[in-house]
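A.B. asks: One file is attached below, target.cif, containing mmCIF, C-alpha atoms.
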data_run
loop_
_atom_site.group_PDB
_atom_site.id
_atom_site.type_symbol
_atom_site.label_atom_id
_atom_site.label_comp_id
_atom_site.auth_asym_id
_atom_site.auth_seq_id
_atom_site.Cartn_x
_atom_site.Cartn_y
_atom_site.Cartn_z
ATOM 1 C CA MET A 30 -29.418 -2.910 -25.337
ATOM 2 C CA SER A 31 -31.422 -6.023 -24.532
ATOM 3 C CA ILE A 32 -32.449 -7.169 -21.063
ATOM 4 C CA ARG A 33 -29.946 -10.045 -21.193
ATOM 5 C CA GLU A 34 -27.080 -7.663 -22.015
ATOM 6 C CA ILE A 35 -28.141 -5.289 -19.229
ATOM 7 C CA LYS A 36 -28.145 -8.207 -16.766
ATOM 8 C CA LYS A 37 -24.600 -9.108 -17.803
ATOM 9 C CA HIS A 38 -23.466 -5.515 -17.288
ATOM 10 C CA ILE A 39 -25.150 -5.390 -13.872
ATOM 11 C CA HIS A 40 -23.424 -8.599 -12.799
ATOM 12 C CA ALA A 41 -20.017 -7.325 -14.009
ATOM 13 C CA THR A 42 -20.507 -3.957 -12.280
ATOM 14 C CA LYS A 43 -21.422 -5.657 -9.003
ATOM 15 C CA GLU A 44 -18.160 -7.625 -9.214
ATOM 16 C CA ILE A 45 -16.250 -4.404 -9.813
ATOM 17 C CA VAL A 46 -17.859 -2.821 -6.736
ATOM 18 C CA ARG A 47 -16.950 -5.862 -4.654
ATOM 19 C CA ILE A 48 -13.325 -5.957 -5.875
ATOM 20 C CA THR A 49 -12.672 -2.229 -5.508
ATOM 21 C CA ASN A 50 -14.189 -2.241 -2.023
ATOM 22 C CA VAL A 51 -11.941 -5.140 -0.997
ATOM 23 C CA MET A 52 -8.876 -3.334 -2.405
ATOM 24 C CA TYR A 53 -9.899 -0.202 -0.487
ATOM 25 C CA LEU A 54 -10.080 -2.164 2.778
ATOM 26 C CA GLN A 55 -6.726 -3.841 2.090
ATOM 27 C CA ALA A 56 -5.064 -0.490 1.404
ATOM 28 C CA ALA A 57 -6.558 0.972 4.594
ATOM 29 C CA SER A 58 -5.249 -1.960 6.642
ATOM 30 C CA LYS A 59 -1.753 -1.721 5.137
ATOM 31 C CA LEU A 60 -1.728 2.048 5.622
ATOM 32 C CA SER A 61 -2.506 1.650 9.326
ATOM 33 C CA LYS A 62 0.332 -0.861 9.774
ATOM 34 C CA VAL A 63 2.907 1.258 7.924
ATOM 35 C CA ARG A 64 1.937 4.349 9.892
ATOM 36 C CA LYS A 65 2.703 2.506 13.106
ATOM 37 C CA ARG A 66 6.095 1.527 11.696
ATOM 38 C CA ARG A 67 6.779 5.146 10.793
ATOM 39 C CA GLU A 68 5.941 6.295 14.312
ATOM 40 C CA GLN A 69 8.358 3.721 15.725
ATOM 41 C CA ALA A 70 11.085 4.680 13.257
ATOM 42 C CA GLN A 71 10.595 8.399 13.825
ATOM 43 C CA ARG A 72 11.728 8.115 17.434
ATOM 44 C CA TYR A 73 14.925 6.329 16.400
ATOM 45 C CA PHE A 74 15.490 8.791 13.555
ATOM 46 C CA LYS A 75 15.233 11.741 15.942
ATOM 47 C CA GLU A 76 17.825 10.168 18.211
ATOM 48 C CA ILE A 77 20.201 9.624 15.281
ATOM 49 C CA LEU A 78 19.735 13.242 14.224
ATOM 50 C CA HIS A 79 20.417 14.371 17.772
ATOM 51 C CA LEU A 80 23.597 12.292 18.051
ATOM 52 C CA VAL A 81 24.936 13.336 14.635
ATOM 53 C CA SER A 82 24.138 16.965 15.391
ATOM 54 C CA PHE A 83 25.936 16.768 18.732
ATOM 55 C CA ALA A 84 28.909 14.943 17.229
ATOM 56 C CA SER A 85 29.273 17.372 14.312
ATOM 57 C CA ALA A 86 29.310 20.281 16.772
ATOM 58 C CA ASN A 87 32.022 18.726 18.955
ATOM 59 C CA VAL A 88 34.226 16.696 16.617
ATOM 60 C CA LYS A 89 37.399 18.422 15.468
ATOM 61 C CA LYS A 90 38.243 16.421 12.353
ATOM 62 C CA LYS A 91 35.391 16.456 9.851
ATOM 63 C CA ASP A 92 37.213 15.575 6.613
ATOM 64 C CA ILE A 93 35.330 12.351 5.899
ATOM 65 C CA ASP A 94 34.256 11.266 2.443
ATOM 66 C CA LEU A 95 30.520 11.539 2.968
ATOM 67 C CA LEU A 96 30.876 15.252 3.820
ATOM 68 C CA THR A 97 33.209 16.080 0.923
ATOM 69 C CA TRP A 98 31.788 18.353 -1.750
ATOM 70 C CA ARG A 99 33.417 18.159 -5.178
ATOM 71 C CA PRO A 100 32.553 19.252 -8.728
ATOM 72 C CA THR A 101 29.554 17.290 -9.932
ATOM 73 C CA ARG A 102 30.257 15.184 -13.004
ATOM 74 C CA THR A 103 27.796 12.359 -12.331
ATOM 75 C CA MET A 104 24.539 12.386 -10.373
ATOM 76 C CA LEU A 105 22.619 9.395 -9.037
ATOM 77 C CA TYR A 106 18.863 9.689 -8.590
ATOM 78 C CA VAL A 107 17.159 7.132 -6.346
ATOM 79 C CA VAL A 108 13.510 7.045 -7.467
ATOM 80 C CA ILE A 109 10.981 5.351 -5.170
ATOM 81 C CA THR A 110 7.720 4.501 -6.937
ATOM 82 C CA PRO A 111 4.813 2.093 -6.337
ATOM 83 C CA ASP A 112 5.290 -1.512 -7.369
ATOM 84 C CA ARG A 113 1.692 -1.923 -8.570
ATOM 85 C CA GLY A 114 -0.979 0.203 -10.178
ATOM 86 C CA PHE A 115 -4.495 1.122 -9.029
ATOM 87 C CA CYS A 116 -3.183 4.181 -7.171
ATOM 88 C CA GLY A 117 -4.227 6.976 -9.494
ATOM 89 C CA GLY A 118 -1.610 9.118 -11.172
ATOM 90 C CA LEU A 119 0.949 8.813 -8.383
ATOM 91 C CA PRO A 120 3.531 6.689 -10.310
ATOM 92 C CA SER A 121 3.545 8.952 -13.369
ATOM 93 C CA THR A 122 3.715 12.053 -11.155
ATOM 94 C CA ILE A 123 6.791 10.754 -9.306
ATOM 95 C CA ASN A 124 8.494 9.666 -12.538
ATOM 96 C CA ARG A 125 7.936 12.997 -14.266
ATOM 97 C CA TRP A 126 9.028 14.882 -11.157
ATOM 98 C CA ALA A 127 12.240 12.828 -10.933
ATOM 99 C CA THR A 128 13.268 13.311 -14.570
ATOM 100 C CA THR A 129 12.300 16.982 -14.617
ATOM 101 C CA SER A 130 14.205 17.665 -11.393
ATOM 102 C CA ALA A 131 17.240 15.777 -12.678
ATOM 103 C CA GLU A 132 17.304 17.766 -15.914
ATOM 104 C CA GLU A 133 16.892 21.076 -14.073
ATOM 105 C CA GLN A 134 19.688 20.128 -11.676
ATOM 106 C CA GLN A 135 21.815 19.088 -14.643
ATOM 107 C CA ASN A 136 21.315 22.446 -16.382
ATOM 108 C CA ARG A 137 22.010 24.382 -13.189
ATOM 109 C CA MET A 138 25.262 22.513 -12.542
ATOM 110 C CA ALA A 139 26.267 22.919 -16.187
ATOM 111 C CA LYS A 140 26.064 26.687 -15.799
ATOM 112 C CA GLU A 141 28.252 26.479 -12.693
ATOM 113 C CA SER A 142 30.821 24.257 -14.438
ATOM 114 C CA SER A 143 31.280 26.164 -17.705
ATOM 115 C CA GLY A 144 28.683 24.311 -19.744
ATOM 116 C CA ILE A 145 29.717 20.707 -18.987
ATOM 117 C CA LEU A 146 26.560 18.632 -18.513
ATOM 118 C CA PRO A 147 26.787 16.123 -15.651
ATOM 119 C CA THR A 148 25.757 12.524 -16.351
ATOM 120 C CA ILE A 149 22.508 11.351 -14.766
ATOM 121 C CA ARG A 150 22.087 7.802 -13.474
ATOM 122 C CA TYR A 151 18.965 6.282 -11.981
ATOM 123 C CA LEU A 152 18.383 3.685 -9.290
ATOM 124 C CA THR A 153 14.732 2.707 -9.049
ATOM 125 C CA VAL A 154 12.652 1.062 -6.328
ATOM 126 C CA GLY A 155 9.395 -0.321 -7.729
ATOM 127 C CA LYS A 156 8.271 -1.643 -11.106
ATOM 128 C CA LYS A 157 6.623 1.610 -12.168
ATOM 129 C CA GLY A 158 9.864 3.563 -11.893
ATOM 130 C CA ARG A 159 11.885 0.820 -13.584
ATOM 131 C CA ASP A 160 9.453 0.573 -16.490
ATOM 132 C CA TYR A 161 9.405 4.343 -17.014
ATOM 133 C CA ILE A 162 13.186 4.772 -16.943
ATOM 134 C CA THR A 163 13.632 1.807 -19.302
ATOM 135 C CA ARG A 164 10.877 2.980 -21.648
ATOM 136 C CA THR A 165 12.387 6.477 -21.933
ATOM 137 C CA ASN A 166 15.893 5.051 -22.598
ATOM 138 C CA ARG A 167 17.561 6.600 -19.566
ATOM 139 C CA ASN A 168 20.635 5.345 -17.732
ATOM 140 C CA LEU A 169 19.334 2.748 -15.265
ATOM 141 C CA VAL A 170 22.082 1.265 -13.087
ATOM 142 C CA LYS A 171 20.010 -0.750 -10.585
ATOM 143 C CA ALA A 172 16.372 -1.684 -10.092
ATOM 144 C CA PHE A 173 14.688 -3.071 -6.977
ATOM 145 C CA ILE A 174 11.328 -4.750 -7.539
ATOM 146 C CA ASN A 175 10.261 -5.257 -3.933
ATOM 147 C CA THR A 176 9.046 -1.974 -2.430
ATOM 148 C CA GLN A 177 8.422 -3.221 1.095
ATOM 149 C CA PRO A 178 10.125 -0.690 3.413
ATOM 150 C CA THR A 179 12.611 -2.892 5.249
ATOM 151 C CA TRP A 180 15.793 -1.877 7.019
ATOM 152 C CA ALA A 181 17.741 -4.378 4.883
ATOM 153 C CA LEU A 182 16.545 -2.708 1.674
ATOM 154 C CA ALA A 183 17.452 0.736 3.028
ATOM 155 C CA MET A 184 20.940 -0.505 3.965
ATOM 156 C CA GLU A 185 21.467 -2.022 0.513
ATOM 157 C CA ILE A 186 20.420 1.170 -1.280
ATOM 158 C CA ALA A 187 22.556 3.298 1.051
ATOM 159 C CA HIS A 188 25.600 1.052 0.653
ATOM 160 C CA ILE A 189 25.313 1.108 -3.162
ATOM 161 C CA SER A 190 25.132 4.909 -3.101
ATOM 162 C CA VAL A 191 27.941 5.300 -0.559
ATOM 163 C CA GLU A 192 30.234 2.866 -2.385
ATOM 164 C CA ALA A 193 29.692 4.676 -5.687
ATOM 165 C CA PHE A 194 30.355 7.980 -3.909
ATOM 166 C CA HIS A 195 33.564 6.649 -2.326
ATOM 167 C CA LYS A 196 34.833 5.411 -5.708
ATOM 168 C CA GLU A 197 33.928 8.803 -7.240
ATOM 169 C CA GLU A 198 31.614 7.076 -9.709
ATOM 170 C CA VAL A 199 28.970 9.579 -8.617
ATOM 171 C CA ASP A 200 29.472 13.001 -7.082
ATOM 172 C CA ALA A 201 25.957 13.649 -5.767
ATOM 173 C CA VAL A 202 23.059 11.416 -4.753
ATOM 174 C CA PHE A 203 19.439 12.553 -4.697
ATOM 175 C CA ILE A 204 16.348 10.659 -3.585
ATOM 176 C CA VAL A 205 12.869 11.151 -5.052
ATOM 177 C CA TYR A 206 9.763 9.883 -3.280
ATOM 178 C CA ALA A 207 6.178 10.811 -2.485
ATOM 179 C CA GLN A 208 5.877 12.574 0.862
ATOM 180 C CA PHE A 209 2.550 12.240 2.626
ATOM 181 C CA ASN A 210 0.769 15.289 4.052
ATOM 182 C CA LEU A 211 -2.781 16.379 4.797
ATOM 183 C CA LYS A 212 -3.358 17.399 1.171
ATOM 184 C CA GLY A 213 -2.252 14.018 -0.125
ATOM 185 C CA PRO A 214 1.010 12.581 -1.503
ATOM 186 C CA LYS A 215 3.442 15.111 -2.917
ATOM 187 C CA PRO A 216 6.690 14.196 -4.752
ATOM 188 C CA VAL A 217 9.842 15.673 -3.241
ATOM 189 C CA VAL A 218 13.543 15.606 -4.114
ATOM 190 C CA GLU A 219 16.173 15.561 -1.355
ATOM 191 C CA GLN A 220 19.937 15.390 -1.554
ATOM 192 C CA VAL A 221 21.441 12.445 0.307
ATOM 193 C CA LEU A 222 25.138 12.727 -0.574
ATOM 194 C CA PRO A 223 27.287 14.572 0.143
ATOM 195 C CA VAL A 224 25.794 15.164 3.579
ATOM 196 C CA SER A 225 25.530 18.791 4.594
ATOM 197 C CA LEU A 226 26.203 19.645 8.233
ATOM 198 C CA SER A 227 23.585 22.385 8.010
ATOM 199 C CA GLN A 228 21.134 19.697 6.937
ATOM 200 C CA ILE A 229 22.045 17.538 9.937
ATOM 201 C CA ASN A 230 21.496 20.354 12.429
ATOM 202 C CA LEU A 231 17.717 20.272 12.109
ATOM 203 C CA PRO A 232 15.367 21.846 14.704
ATOM 204 C CA MET A 233 13.766 18.452 15.343
ATOM 205 C CA ALA A 234 17.186 17.148 16.404
ATOM 206 C CA THR A 235 18.353 20.016 18.598
ATOM 207 C CA GLU A 236 15.067 21.369 19.945
ATOM 208 C CA ARG A 237 13.358 18.065 20.549
ATOM 209 C CA GLU A 238 10.862 17.404 23.303
ATOM 210 C CA PRO A 239 11.988 14.956 26.007
ATOM 211 C CA ILE A 240 10.383 11.524 25.688
ATOM 212 C CA GLY A 241 9.923 8.928 28.370
ATOM 213 C CA PRO A 242 12.192 5.866 28.055
ATOM 214 C CA ALA A 243 9.496 3.180 27.975
ATOM 215 C CA THR A 244 6.063 4.676 27.364
ATOM 216 C CA GLY A 245 6.949 7.000 24.469
ATOM 217 C CA LYS A 246 5.111 9.858 26.238
ATOM 218 C CA LYS A 247 6.542 13.261 27.004
ATOM 219 C CA SER A 248 8.527 13.487 30.176
ATOM 220 C CA SER A 249 7.358 15.817 32.876
ATOM 221 C CA PHE A 250 10.820 17.304 33.289
ATOM 222 C CA ASN A 251 13.762 18.315 31.116
ATOM 223 C CA GLU A 252 16.816 16.198 31.596
ATOM 224 C CA ASN A 253 20.311 16.970 30.382
ATOM 225 C CA ILE A 254 21.866 13.857 28.919
ATOM 226 C CA LEU A 255 25.612 13.498 29.239
ATOM 227 C CA TYR A 256 27.206 11.340 26.535
ATOM 228 C CA PHE A 257 30.462 9.422 26.944
ATOM 229 C CA TYR A 258 32.002 8.143 23.721
ATOM 230 C CA ALA A 259 34.311 5.155 23.485
ATOM 231 C CA PRO A 260 36.203 4.960 21.157
ATOM 232 C CA PRO A 261 36.837 8.692 20.615
ATOM 233 C CA LEU A 262 34.236 10.800 18.855
ATOM 234 C CA GLU A 263 36.427 11.226 15.767
ATOM 235 C CA ASN A 264 36.417 7.451 15.243
ATOM 236 C CA ILE A 265 32.657 6.908 15.472
ATOM 237 C CA PHE A 266 31.568 10.080 13.663
ATOM 238 C CA PRO A 267 31.832 8.499 10.155
ATOM 239 C CA GLY A 268 29.679 5.597 11.333
ATOM 240 C CA LEU A 269 27.066 8.006 12.687
ATOM 241 C CA VAL A 270 26.946 9.860 9.369
ATOM 242 C CA LEU A 271 26.509 6.557 7.511
ATOM 243 C CA ARG A 272 23.707 5.581 9.887
ATOM 244 C CA TYR A 273 22.080 8.953 9.195
ATOM 245 C CA VAL A 274 22.179 8.229 5.452
ATOM 246 C CA ILE A 275 20.551 4.809 5.996
ATOM 247 C CA CYS A 276 17.838 6.427 8.136
ATOM 248 C CA HIS A 277 17.248 8.988 5.396
ATOM 249 C CA VAL A 278 16.674 6.226 2.831
ATOM 250 C CA TYR A 279 14.541 4.176 5.222
ATOM 251 C CA GLY A 280 12.352 7.181 6.002
ATOM 252 C CA ALA A 281 11.851 7.797 2.269
ATOM 253 C CA LEU A 282 10.815 4.153 1.780
ATOM 254 C CA LEU A 283 8.256 4.441 4.579
ATOM 255 C CA GLU A 284 6.854 7.693 3.207
ATOM 256 C CA GLY A 285 6.680 6.162 -0.255
ATOM 257 C CA ILE A 286 4.636 3.140 0.827
ATOM 258 C CA ILE A 287 2.341 5.319 2.957
ATOM 259 C CA SER A 288 1.685 7.595 -0.018
ATOM 260 C CA GLU A 289 1.090 4.576 -2.258
ATOM 261 C CA GLN A 290 -1.495 3.018 0.066
ATOM 262 C CA TYR A 291 -3.240 6.352 0.618
ATOM 263 C CA ALA A 292 -3.399 6.997 -3.138
ATOM 264 C CA ARG A 293 -4.761 3.471 -3.664
ATOM 265 C CA MET A 294 -7.425 4.072 -1.005
ATOM 266 C CA VAL A 295 -8.546 7.266 -2.742
ATOM 267 C CA ALA A 296 -8.499 5.641 -6.185
ATOM 268 C CA MET A 297 -10.473 2.594 -5.042
ATOM 269 C CA LYS A 298 -12.976 4.753 -3.171
ATOM 270 C CA ASP A 299 -13.577 6.824 -6.302
ATOM 271 C CA ALA A 300 -13.803 3.666 -8.430
ATOM 272 C CA THR A 301 -16.369 2.150 -6.069
ATOM 273 C CA LYS A 302 -18.404 5.353 -6.145
ATOM 274 C CA LYS A 303 -18.374 5.490 -9.946
ATOM 275 C CA ALA A 304 -19.258 1.791 -10.205
ATOM 276 C CA LYS A 305 -22.220 2.258 -7.861
ATOM 277 C CA GLU A 306 -23.435 5.198 -9.938
ATOM 278 C CA THR A 307 -23.129 3.053 -13.063
ATOM 279 C CA LEU A 308 -24.993 0.252 -11.283
ATOM 280 C CA ASP A 309 -27.850 2.628 -10.447
ATOM 281 C CA ASP A 310 -28.064 3.716 -14.083
ATOM 282 C CA LEU A 311 -28.071 0.087 -15.231
ATOM 283 C CA ASN A 312 -30.842 -0.773 -12.776
ATOM 284 C CA VAL A 313 -32.931 2.089 -14.141
ATOM 285 C CA ALA A 314 -32.246 0.940 -17.711
ATOM 286 C CA TYR A 315 -33.121 -2.642 -16.746
ATOM 287 C CA ASN A 316 -36.432 -1.564 -15.188
ATOM 288 C CA VAL A 317 -37.299 0.534 -18.249
ATOM 289 C CA ALA A 318 -36.432 -2.305 -20.632
ATOM 290 C CA ARG A 319 -38.321 -4.823 -18.504
ATOM 291 C CA GLN A 320 -41.372 -2.568 -18.350
ATOM 292 C CA ALA A 321 -41.200 -2.089 -22.100
ATOM 293 C CA GLN A 322 -41.013 -5.860 -22.565
ATOM 294 C CA ILE A 323 -44.010 -6.405 -20.275
ATOM 295 C CA THR A 324 -45.985 -3.730 -22.122
ATOM 296 C CA SER A 325 -45.083 -5.314 -25.450
ATOM 297 C CA ASP A 326 -46.189 -8.758 -24.212
ATOM 298 C CA LEU A 327 -49.488 -7.332 -22.926
ATOM 299 C CA LEU A 328 -50.154 -5.636 -26.234
ATOM 300 C CA GLU A 329 -49.535 -8.901 -28.061
ATOM 301 C CA VAL A 330 -51.915 -10.754 -25.709
ATOM 302 C CA ILE A 331 -54.600 -8.088 -26.112
ATOM 303 C CA SER A 332 -54.196 -8.054 -29.884
ATOM 304 C CA ALA A 333 -54.393 -11.851 -30.029
ATOM 305 C CA THR A 334 -57.485 -11.831 -27.777
ATOM 306 C CA GLU A 335 -59.252 -9.268 -29.954
ATOM 307 C CA ALA A 336 -58.416 -11.245 -33.084
ATOM 308 C CA LEU A 337 -59.762 -14.462 -31.578
ATOM 309 C CA GLY A 338 -62.854 -12.618 -30.347
ATOM 310 C CA HIS A 339 -63.686 -11.402 -33.861
ATOM 311 C CA GLN A 340 -63.300 -14.925 -35.193
ATOM 312 C CA LEU A 341 -65.475 -16.532 -32.503
ATOM 313 C CA PHE A 342 -68.109 -13.824 -32.438
ATOM 314 C CA PRO A 343 -68.336 -12.285 -35.940
#
Represent the structure contained in this file as structure tokens.

C.D. replies:
Amino acid sequence: MSIREIKKHIHATKEIVRITNVMYLQAASKLSKVRKRREQAQRYFKEILHLVSFASANVKKKDIDLLTWRPTRTMLYVVITPDRGFCGGLPSTINRWATTSAEEQQNRMAKESSGILPTIRYLTVGKKGRDYITRTNRNLVKAFINTQPTWALAMEIAHISVEAFHKEEVDAVFIVYAQFNLKGPKPVVEQVLPVSLSQINLPMATEREPIGPATGKKSSFNENILYFYAPPLENIFPGLVLRYVICHVYGALLEGIISEQYARMVAMKDATKKAKETLDDLNVAYNVARQAQITSDLLEVISATEALGHQLFP
């Protein structure tokens, strides 16, 4: 490789280092913002869990549609994936996990229902999930391109799922997303509908730590809160369950975007590291080629000098 070609490669590699570093900083900034939103939403989500848990323990009439279990003939899988690439293998991992989980759930329910395979439908959030489901010729009923975790998007997804469940177009709704933990993003599958009362009665809802009303810090004393419901608890219980479903979807959207930004940070950090290593190798190759060129030029000068010397002084 010539010196000119090496210079071109060095220039291109420097641009790659600059771009990947900028993308790393952008992902870090977005991750910080979304984490703050998750902390704010977590407080509200705990309160919803506490209210639904209390209501389910005290309400007498619980025969609402969202709690009704029936034979599963059709399943809806809500798959939350990144909208863009440059985040490692996270999109393909979520997509494979979703389809594998759906097929395993389908086979398990077929054994319980005398060999009748339930139909699987998919609702995707993000271009990567939409492209995968379309490319593998699966039943895609709805696709959302914008993956920004907004309350409006969570309400729309929840209302589509709940309406299909009410009309008995689907009998079970599952949500697939990447959950963030200390070891990195991990795809998980959770059932959204029908809602299980045992799932509502979570430890974080019943054994929660008291929190101050304004500062968000722990209170220095335990206070027993007395709730008065108007209208009666039986009338507002369905609304509380629906709000729980929306919170479930919203929490999955937040976890999905956090996992996406973290995976992009790791991918861009690794890309920057590899590009810098390549840049070091190119600099070494450039120095070697340049030294070889200088040596070659010196040899030509010396040879020409000796030739002229023999001609001038025979």

A.B. asks: Restricting the calculation to all atoms listed in the file: of A:Arg167, A:Arg293, A:Lys37, A:Arg66, which residue gets closest to Thr179 in chain A?

C.D. replies: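 Looking only at the distances to Thr179 in chain A, the closest residue turns out to be A:Arg66.
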
A.B. asks: Report the residues retrieved by the PyMOL selection byres ((chain A and resi 125) around 12) from the displayed file, expressed as an MDAnalysis selection string.

C.D. replies: chainID A and resid 108 110 118:124 126:132 157:158 161:162 165 205:206 216:218

A.B. asks: May I ask for the distance between CA of Ile275 in chain A and CA of Leu96 in chain A, given in Å to one decimal place?

C.D. replies: 14.8 Å

A.B. asks: Using all atoms listed in the file, find the one residue out of A:Phe83, A:Val170, A:Tyr291, A:Ala296 that sits nearest to Leu211 in chain A.

C.D. replies: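 The answer is A:Tyr291, which sits nearest to Leu211 in chain A.
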
A.B. asks: Take the PyMOL selection byres ((chain A and resi 80) around 10), apply it to the structure above, and return the hits as an MDAnalysis selection string.

C.D. replies: chainID A and resid 74:79 81:86 229 234:235 256 266 269:270 273

A.B. asks: Specify as a short mmCIF file (atom, residue, chain, number, x, y, z; two decimals) with C-alpha atoms, in the frame of the given file each residue included when the PyMOL selection byres ((chain A and resi 138-149) around 8) is applied to this file.

C.D. replies:
data_model
loop_
_atom_site.label_atom_id
_atom_site.label_comp_id
_atom_site.auth_asym_id
_atom_site.auth_seq_id
_atom_site.Cartn_x
_atom_site.Cartn_y
_atom_site.Cartn_z
CA PRO A 100 32.55 19.25 -8.73
CA THR A 101 29.55 17.29 -9.93
CA ARG A 102 30.26 15.18 -13.00
CA THR A 103 27.80 12.36 -12.33
CA MET A 104 24.54 12.39 -10.37
CA LEU A 105 22.62 9.40 -9.04
CA TYR A 106 18.86 9.69 -8.59
CA ALA A 131 17.24 15.78 -12.68
CA GLN A 134 19.69 20.13 -11.68
CA GLN A 135 21.82 19.09 -14.64
CA ASN A 136 21.32 22.45 -16.38
CA ARG A 137 22.01 24.38 -13.19
CA ARG A 150 22.09 7.80 -13.47
CA TYR A 151 18.96 6.28 -11.98
CA ASN A 168 20.64 5.34 -17.73
#

A.B. asks: Which residues come within 8 Å of Ile39 in chain A, counting all atoms listed in the file, excluding same-chain residues fewer than 2 positions away, as a ChimeraX atom specification?

C.D. replies: /A:35-37,41-43,308,311-312

A.B. asks: Can you work out the spacing between CA of Tyr315 in chain A and CA of Ile32 in chain A in Å, to one decimal?

C.D. replies: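 Result for CA of Tyr315 in chain A versus CA of Ile32 in chain A: 6.3 Å, one decimal.
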
A.B. asks: In Å to one decimal, how far is CA of Thr153 in chain A from CA of Asp200 in chain A?

C.D. replies: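 Going from CA of Asp200 in chain A over to CA of Thr153 in chain A covers 18.1 Å.
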
A.B. asks: Which residues are near Ile174 in chain A? Cut-off 9 Å, all atoms listed in the file, ignore same chain within fewer than 3 positions. Put them as a list of chain:residue names.

C.D. replies: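 Selected residues are A:Asp112, A:Thr153, A:Val154, A:Gly155, A:Lys156, A:Arg159.
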
A.B. asks: Looking at all atoms listed in the file, which of A:Asn87, A:Thr301, A:Thr163, A:Gln71 is the one that sits closest to Leu283 in chain A?

C.D. replies: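 Smallest separation from Leu283 in chain A among the options: A:Gln71.
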
A.B. asks: Tell me which of A:Ala56, A:Leu262, A:Cys116, A:Leu95 sits closest to Ala201 in chain A, counting all atoms listed in the file.

C.D. replies: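 Of the candidates, the smallest distance to Ala201 in chain A is held by A:Leu95.
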
A.B. asks: Pick out the closest residue to Ile286 in chain A from this set: A:Asn166, A:Ser58, A:Gln177, A:Thr97. Count all atoms listed in the file.

C.D. replies: A:Gln177

A.B. asks: Hey, can you pull every residue with an atom no more than 8 Å from (12.5, 4.4, 0.5), using only C-alpha atoms, and send it as a ChimeraX atom specification?

C.D. replies: /A:109,154,176,178,183,206,278-286

A.B. asks: Would you please work out which residue, of A:Val107, A:Ile287, A:Ile93, A:Val199, is nearest to Leu60 in chain A when using all atoms listed in the file?

C.D. replies: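 Using all atoms listed in the file, the shortest distance to Leu60 in chain A belongs to A:Ile287.
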
A.B. asks: Work out where the centre of an axis-aligned box around every listed atom of range 48-61 of chain A lies and how long its edges are once 5 Å is added on each side; give both in Å to one decimal as JSON.

C.D. replies:
{"center_x": -8.0, "center_y": -2.0, "center_z": 1.7, "size_x": 22.5, "size_y": 18.0, "size_z": 25.2}
